[in-house]
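Content type mmCIF, C-alpha atoms, from the file work.cif:
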data_coords
#
loop_
_atom_site.label_atom_id
_atom_site.label_comp_id
_atom_site.auth_asym_id
_atom_site.auth_seq_id
_atom_site.Cartn_x
_atom_site.Cartn_y
_atom_site.Cartn_z
CA PRO A 1 -14.68 21.51 -44.84
CA ASP A 2 -15.16 20.26 -48.39
CA GLY A 3 -12.95 21.92 -50.96
CA MET A 4 -9.95 22.29 -48.65
CA ASP A 5 -6.70 20.60 -49.62
CA LEU A 6 -4.63 18.61 -47.12
CA GLY A 7 -2.38 21.56 -46.35
CA ASP A 8 -5.32 23.82 -45.56
CA LYS A 9 -6.86 21.17 -43.31
CA ARG A 10 -3.59 20.71 -41.42
CA ARG A 11 -3.20 24.46 -40.93
CA THR A 12 -6.81 24.77 -39.73
CA THR A 13 -6.35 21.87 -37.32
CA GLY A 14 -3.18 23.41 -35.99
CA ILE A 15 -4.84 26.79 -35.41
CA ALA A 16 -7.82 25.19 -33.64
CA LEU A 17 -5.62 23.06 -31.41
CA LYS A 18 -3.32 25.98 -30.61
CA LEU A 19 -6.29 28.17 -29.70
CA THR A 20 -7.77 25.44 -27.51
CA VAL A 21 -4.47 24.94 -25.68
CA GLU A 22 -4.02 28.69 -25.16
CA ILE A 23 -7.55 29.21 -23.83
CA GLY A 24 -7.22 26.22 -21.49
CA TRP A 25 -3.87 27.53 -20.24
CA ILE A 26 -5.21 31.00 -19.53
CA LEU A 27 -8.22 29.76 -17.54
CA SER A 28 -7.72 28.60 -13.95
CA VAL A 29 -6.63 25.00 -13.58
CA ASP A 30 -8.13 22.87 -10.81
CA ASP A 31 -5.62 20.84 -8.83
CA TYR A 32 -7.18 17.60 -7.55
CA ARG A 33 -5.49 15.80 -4.69
CA ILE A 34 -6.24 12.51 -2.94
CA GLY A 35 -5.60 11.57 0.69
CA VAL A 36 -5.91 8.24 2.51
CA GLY A 37 -6.67 7.85 6.21
CA TYR A 38 -6.64 4.76 8.41
CA ASP A 39 -7.28 4.15 12.10
CA ILE A 40 -7.92 1.20 14.39
CA HIS A 41 -8.97 1.05 18.04
CA ARG A 42 -9.48 -1.79 20.47
CA LEU A 43 -12.98 -2.59 21.73
CA VAL A 44 -13.27 -2.48 25.53
CA GLU A 45 -16.04 -2.61 28.09
CA GLY A 46 -17.22 0.49 29.90
CA ARG A 47 -17.02 2.92 26.97
CA PRO A 48 -19.70 4.08 24.50
CA LEU A 49 -19.25 3.12 20.86
CA VAL A 50 -18.99 6.22 18.68
CA LEU A 51 -18.64 5.94 14.90
CA GLY A 52 -18.95 8.78 12.42
CA GLY A 53 -20.09 11.08 15.19
CA LEU A 54 -22.99 8.76 16.12
CA SER A 55 -23.55 6.70 19.23
CA VAL A 56 -24.03 3.08 18.19
CA PRO A 57 -25.68 0.70 20.70
CA PHE A 58 -23.21 -2.00 21.72
CA ASP A 59 -21.86 -3.53 24.90
CA LYS A 60 -18.33 -2.25 24.20
CA GLY A 61 -16.73 0.94 22.99
CA LEU A 62 -13.45 1.98 21.40
CA LEU A 63 -10.45 2.67 23.61
CA GLY A 64 -8.73 5.95 22.88
CA HIS A 65 -7.42 9.22 24.30
CA SER A 66 -10.38 10.99 22.67
CA ASP A 67 -13.82 9.41 22.18
CA GLY A 68 -12.13 6.76 20.00
CA ASP A 69 -14.16 7.49 16.84
CA VAL A 70 -12.04 5.59 14.32
CA LEU A 71 -14.16 6.69 11.38
CA LEU A 72 -13.82 10.42 12.04
CA HIS A 73 -10.13 9.95 12.82
CA ALA A 74 -9.60 8.30 9.45
CA VAL A 75 -11.58 11.06 7.69
CA THR A 76 -9.45 13.65 9.49
CA ASP A 77 -6.18 12.01 8.43
CA ALA A 78 -7.39 11.61 4.83
CA LEU A 79 -8.08 15.35 4.58
CA LEU A 80 -4.75 16.24 6.17
CA GLY A 81 -2.90 13.94 3.80
CA ALA A 82 -4.66 15.27 0.72
CA CYS A 83 -3.80 18.85 1.70
CA HIS A 84 -0.19 18.01 2.64
CA LEU A 85 -0.73 19.11 6.24
CA LEU A 86 0.37 17.41 9.46
CA ASP A 87 -1.28 14.15 10.52
CA ILE A 88 -3.82 13.82 13.31
CA GLY A 89 -1.22 12.67 15.84
CA ASP A 90 0.87 15.78 15.24
CA LEU A 91 -2.05 18.17 15.58
CA PHE A 92 -3.81 16.45 18.48
CA PRO A 93 -1.24 14.39 20.42
CA ASP A 94 -2.61 11.57 22.55
CA ASN A 95 -0.50 12.69 25.51
CA ASP A 96 -2.05 16.17 25.63
CA PRO A 97 -4.59 16.44 28.49
CA GLN A 98 -6.73 18.96 26.60
CA TYR A 99 -7.76 16.26 24.12
CA GLU A 100 -8.61 13.60 26.69
CA GLY A 101 -12.13 12.36 26.00
CA ILE A 102 -12.68 15.06 23.38
CA ASP A 103 -15.49 14.74 20.84
CA SER A 104 -13.82 13.80 17.53
CA ARG A 105 -16.31 16.01 15.70
CA LEU A 106 -14.49 19.00 17.18
CA LEU A 107 -11.15 17.70 15.89
CA LEU A 108 -12.53 17.15 12.40
CA SER A 109 -14.14 20.58 12.35
CA GLU A 110 -10.80 22.17 13.21
CA VAL A 111 -9.11 20.28 10.38
CA VAL A 112 -11.83 21.30 7.91
CA ARG A 113 -11.08 24.92 8.86
CA LYS A 114 -7.36 24.35 8.30
CA THR A 115 -7.92 22.81 4.86
CA ARG A 116 -10.06 25.75 3.79
CA ASP A 117 -7.53 28.23 5.14
CA ALA A 118 -4.94 26.45 2.98
CA GLY A 119 -7.09 27.11 -0.11
CA PHE A 120 -8.68 23.69 -0.52
CA SER A 121 -12.30 22.74 -1.01
CA LEU A 122 -13.61 19.26 -0.26
CA HIS A 123 -15.00 17.23 -3.14
CA ASN A 124 -16.02 13.80 -1.85
CA VAL A 125 -15.14 11.18 0.76
CA ASP A 126 -15.33 7.38 0.53
CA CYS A 127 -15.26 5.44 3.82
CA ILE A 128 -15.01 1.82 4.90
CA VAL A 129 -15.66 0.72 8.48
CA HIS A 130 -14.09 -2.68 9.20
CA ALA A 131 -16.06 -4.34 12.00
CA GLU A 132 -17.10 -7.90 12.78
CA LYS A 133 -19.45 -6.65 15.49
CA PRO A 134 -21.77 -4.84 15.77
CA LYS A 135 -23.52 -5.02 12.42
CA LEU A 136 -23.58 -1.52 10.96
CA SER A 137 -25.83 -1.75 7.90
CA GLU A 138 -28.64 0.30 9.47
CA TYR A 139 -26.21 3.05 10.51
CA LYS A 140 -24.31 3.62 7.27
CA ARG A 141 -26.62 6.26 5.86
CA LYS A 142 -26.81 8.13 9.18
CA MET A 143 -23.02 8.10 9.47
CA ALA A 144 -22.70 9.48 5.94
CA GLN A 145 -25.16 12.26 6.77
CA SER A 146 -23.29 13.06 9.96
CA ILE A 147 -19.96 13.31 8.14
CA ALA A 148 -21.51 15.38 5.35
CA GLY A 149 -22.77 17.88 7.92
CA LEU A 150 -19.34 18.15 9.53
CA LEU A 151 -17.66 18.69 6.15
CA GLY A 152 -20.30 21.03 4.77
CA LEU A 153 -21.00 18.73 1.81
CA GLU A 154 -24.12 17.19 0.30
CA ALA A 155 -24.78 13.69 1.65
CA GLU A 156 -24.41 12.26 -1.87
CA ARG A 157 -20.70 13.16 -1.75
CA ILE A 158 -20.09 10.90 1.25
CA THR A 159 -20.11 7.11 1.05
CA VAL A 160 -19.89 4.84 4.10
CA LYS A 161 -19.48 1.10 3.62
CA ALA A 162 -19.30 -1.55 6.36
CA LYS A 163 -17.17 -4.68 5.94
CA THR A 164 -16.40 -7.63 8.19
CA ASN A 165 -12.91 -9.12 8.31
CA GLU A 166 -14.16 -12.67 7.76
CA GLY A 167 -12.96 -13.72 11.21
CA VAL A 168 -9.35 -12.76 10.47
CA GLY A 169 -7.14 -10.68 12.78
CA PRO A 170 -8.20 -8.44 15.68
CA VAL A 171 -11.06 -6.96 13.65
CA GLY A 172 -12.27 -10.41 12.63
CA THR A 173 -12.29 -11.62 16.23
CA ALA A 174 -14.23 -8.48 17.31
CA GLU A 175 -11.32 -7.20 19.40
CA ALA A 176 -11.10 -3.98 17.39
CA ILE A 177 -12.78 -1.78 14.78
CA ALA A 178 -10.87 -0.05 11.98
CA ALA A 179 -11.66 2.49 9.28
CA THR A 180 -10.17 3.33 5.90
CA VAL A 181 -11.04 6.58 4.14
CA VAL A 182 -10.16 8.16 0.81
CA ALA A 183 -10.78 11.90 0.37
CA LEU A 184 -10.64 14.03 -2.77
CA VAL A 185 -9.95 17.75 -2.41
CA VAL A 186 -9.55 20.54 -4.94
CA LYS A 187 -7.17 23.49 -4.94
CA GLU A 188 -7.51 26.08 -7.64
CA LYS A 189 -4.29 27.09 -9.31
CA LYS A 190 -4.46 30.19 -11.46
CA LYS A 191 -1.95 30.31 -14.27
CA ARG A 192 -1.86 32.91 -16.98
CA LYS A 193 0.07 32.16 -20.12
CA LYS A 194 2.46 34.71 -21.56
CA ARG A 195 1.63 36.12 -24.96
CA GLY A 196 3.05 34.19 -27.86
CA GLN A 197 3.44 30.52 -28.63
CA ALA A 198 1.16 28.00 -26.95
CA PRO A 199 2.77 25.85 -24.22
CA PHE A 200 3.00 22.92 -26.63
CA LEU A 201 1.88 21.94 -30.09
CA PRO A 202 2.08 18.28 -31.14
CA THR A 203 4.69 17.53 -33.78
CA GLY A 204 3.33 16.98 -37.28
CA ILE A 205 0.44 19.46 -37.04
CA ALA A 206 1.07 22.58 -39.03
CA HIS A 207 1.03 25.93 -37.26
CA SER A 208 -0.20 29.02 -39.04
CA PRO A 209 1.83 31.97 -37.64
CA ARG A 210 0.16 35.02 -36.18
CA LYS A 211 0.44 38.32 -37.92
CA GLY A 212 3.93 39.66 -37.32
CA GLU A 213 5.48 36.23 -36.67
CA GLU A 214 8.03 34.82 -39.08
CA LYS A 215 6.88 31.97 -41.25
#
Written as structure tokens, how would this file's structure read?
Amino acid sequence: PDGMDLGDKRRTTGIALKLTVEIGWILSVDDYRIGVGYDIHRLVEGRPLVLGGLSVPFDKGLLGHSDGDVLLHAVTDALLGACHLLDIGDLFPDNDPQYEGIDSRLLLSEVVRKTRDAGFSLHNVDCIVHAEKPKLSEYKRKMAQSIAGLLGLEAERITVKAKTNEGVGPVGTAEAIAATVVALVVKEKKKRKKRGQAPFLPTGIAHSPRKGEEK
């Protein structure tokens, strides 16, 4: 304010900053964590193509111990990684008969339960499906809605993109389909600061002591 000398301004700035730091320290602090998931499966004849929990018309499907849904598998691994839990192969081994042909929506739902039990809430998920064939543009929105329903999130928090591999590698030659997913989760950490000095105060900003503190 006008009329204050430099010393007064520095003391006022120090008090305001100290108060802001203390209030922010006392309130709960959100802990944001990111996980990445990836999966790839070979395309074979005689199996339905399932992506994001949807049946996609095509003359081939994805080979796998479960239904081969690479997109949901990548989402599952992204959530597990973000929450520092086991990966999908540890939880649902591909040599366990109980998971043979299982609907990947059931696997993802179980992992969502585990993440919530661990104190995490899901924030948003960004997905890429890598496929030369079939073309997936008309299915992207439906896949996003399907995943949103499984995660209990609004559809606007899920993004599904479809990319070709420009003819390169097994995806580019339509031998396989892959998926890459990034997931953001939040875990609330509650910290309460002890009475007294703020956790830090930048050097060079004057601190006006509280009543009872030594100057």
Handout entry: For Asp96 of chain A, the nearest of the candidates A:Thr173, A:Thr164, A:Ser146, A:Ser66, counting all atoms listed in the file
Key = A:Ser66
Problem - Residues in the PyMOL selection byres ((chain A and resi 68) around 9), expressed as a PyMOL selection string - result: chain A and resi 40-42+49-51+61-67+69-73+101-104
Leaving out Leu153 of chain A and any residue of its chain fewer than 6 positions from it, which residues lie within 12 Å of it when counting all atoms listed in the file, given as a short mmCIF file (atom, residue, chain, number, x, y, z; two decimals) with C-alpha atoms, in the coordinates of the input?
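In the end it all went to result-v5.cif:
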data_model
loop_
_atom_site.label_atom_id
_atom_site.label_comp_id
_atom_site.auth_asym_id
_atom_site.auth_seq_id
_atom_site.Cartn_x
_atom_site.Cartn_y
_atom_site.Cartn_z
CA VAL A 112 -11.83 21.30 7.91
CA SER A 121 -12.30 22.74 -1.01
CA LEU A 122 -13.61 19.26 -0.26
CA HIS A 123 -15.00 17.23 -3.14
CA ASN A 124 -16.02 13.80 -1.85
CA VAL A 125 -15.14 11.18 0.76
CA ALA A 144 -22.70 9.48 5.94
CA GLN A 145 -25.16 12.26 6.77
CA SER A 146 -23.29 13.06 9.96
CA ILE A 147 -19.96 13.31 8.14
CA THR A 159 -20.11 7.11 1.05
CA VAL A 185 -9.95 17.75 -2.41
#
Completion exercise
Computed gap from atom CA of Gly53 of chain A to atom CA of Lys187 of chain A is 26.9 Å
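Among the candidates A:Cys83, A:Ala178, A:Tyr139, A:Gly152, the residue lying nearest to Asp117 of chain A is A:Cys83 (atoms considered: all atoms listed in the file).
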Completion exercise
Using only C-alpha atoms, the shortest atom-to-atom distance to Val182 of chain A among A:Pro57, A:Pro134, A:Gly46, A:Gly81 belongs to A:Gly81
Handout entry: Reference answer for the PyMOL selection byres ((chain A and resi 87) around 12), as a list in words
Key = Gly35, Val36, Gly37, Tyr38, Asp39, His73, Ala74, Val75, Thr76, Asp77, Ala78, Leu79, Leu80, Gly81, Ala82, Cys83, His84, Leu85, Leu86, Ile88, Gly89, Asp90, Leu91, Phe92, Pro93, Leu107, Leu108 and Val111 of chain A
Fill in the blank from the handout: From atom CA of Ala162 of chain A to atom CA of Val181 of chain A the spacing works out at 11.8 Å
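Against the coordinates shown, the PyMOL selection byres ((chain A and resi 170) around 12) returns Ile40, His41, Arg42, Leu43, His130, Ala131, Glu132, Lys133, Thr164, Asn165, Glu166, Gly167, Val168, Gly169, Val171, Gly172, Thr173, Ala174, Glu175, Ala176, Ile177 and Ala178 of chain A.
Here atom CA of Val56 of chain A is placed at a distance of 14.2 Å from atom CA of Val44 of chain A.
Residue nearest Arg105 of chain A, chosen from A:Val129, A:Lys135, A:Leu54, A:Asp59 and counting all atoms listed in the file: A:Leu54.
For the set A:Arg116, A:Lys189, A:Lys60, A:Arg141, the residue with the smallest atom-to-atom gap to Lys161 of chain A is A:Arg141, counting all atoms listed in the file.
Minimum distance to Val186 of chain A across A:Leu106, A:Arg47, A:Phe120, A:Lys142 (counting all atoms listed in the file) occurs at A:Phe120.
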Quick one: axis-aligned box around all listed atoms of segment 121-132 of chain A, 6 Å on every side, centre and edge lengths in Å to one decimal, written as JSON.
{"center_x": -14.7, "center_y": 7.4, "center_z": 4.8, "size_x": 16.8, "size_y": 42.6, "size_z": 27.9}
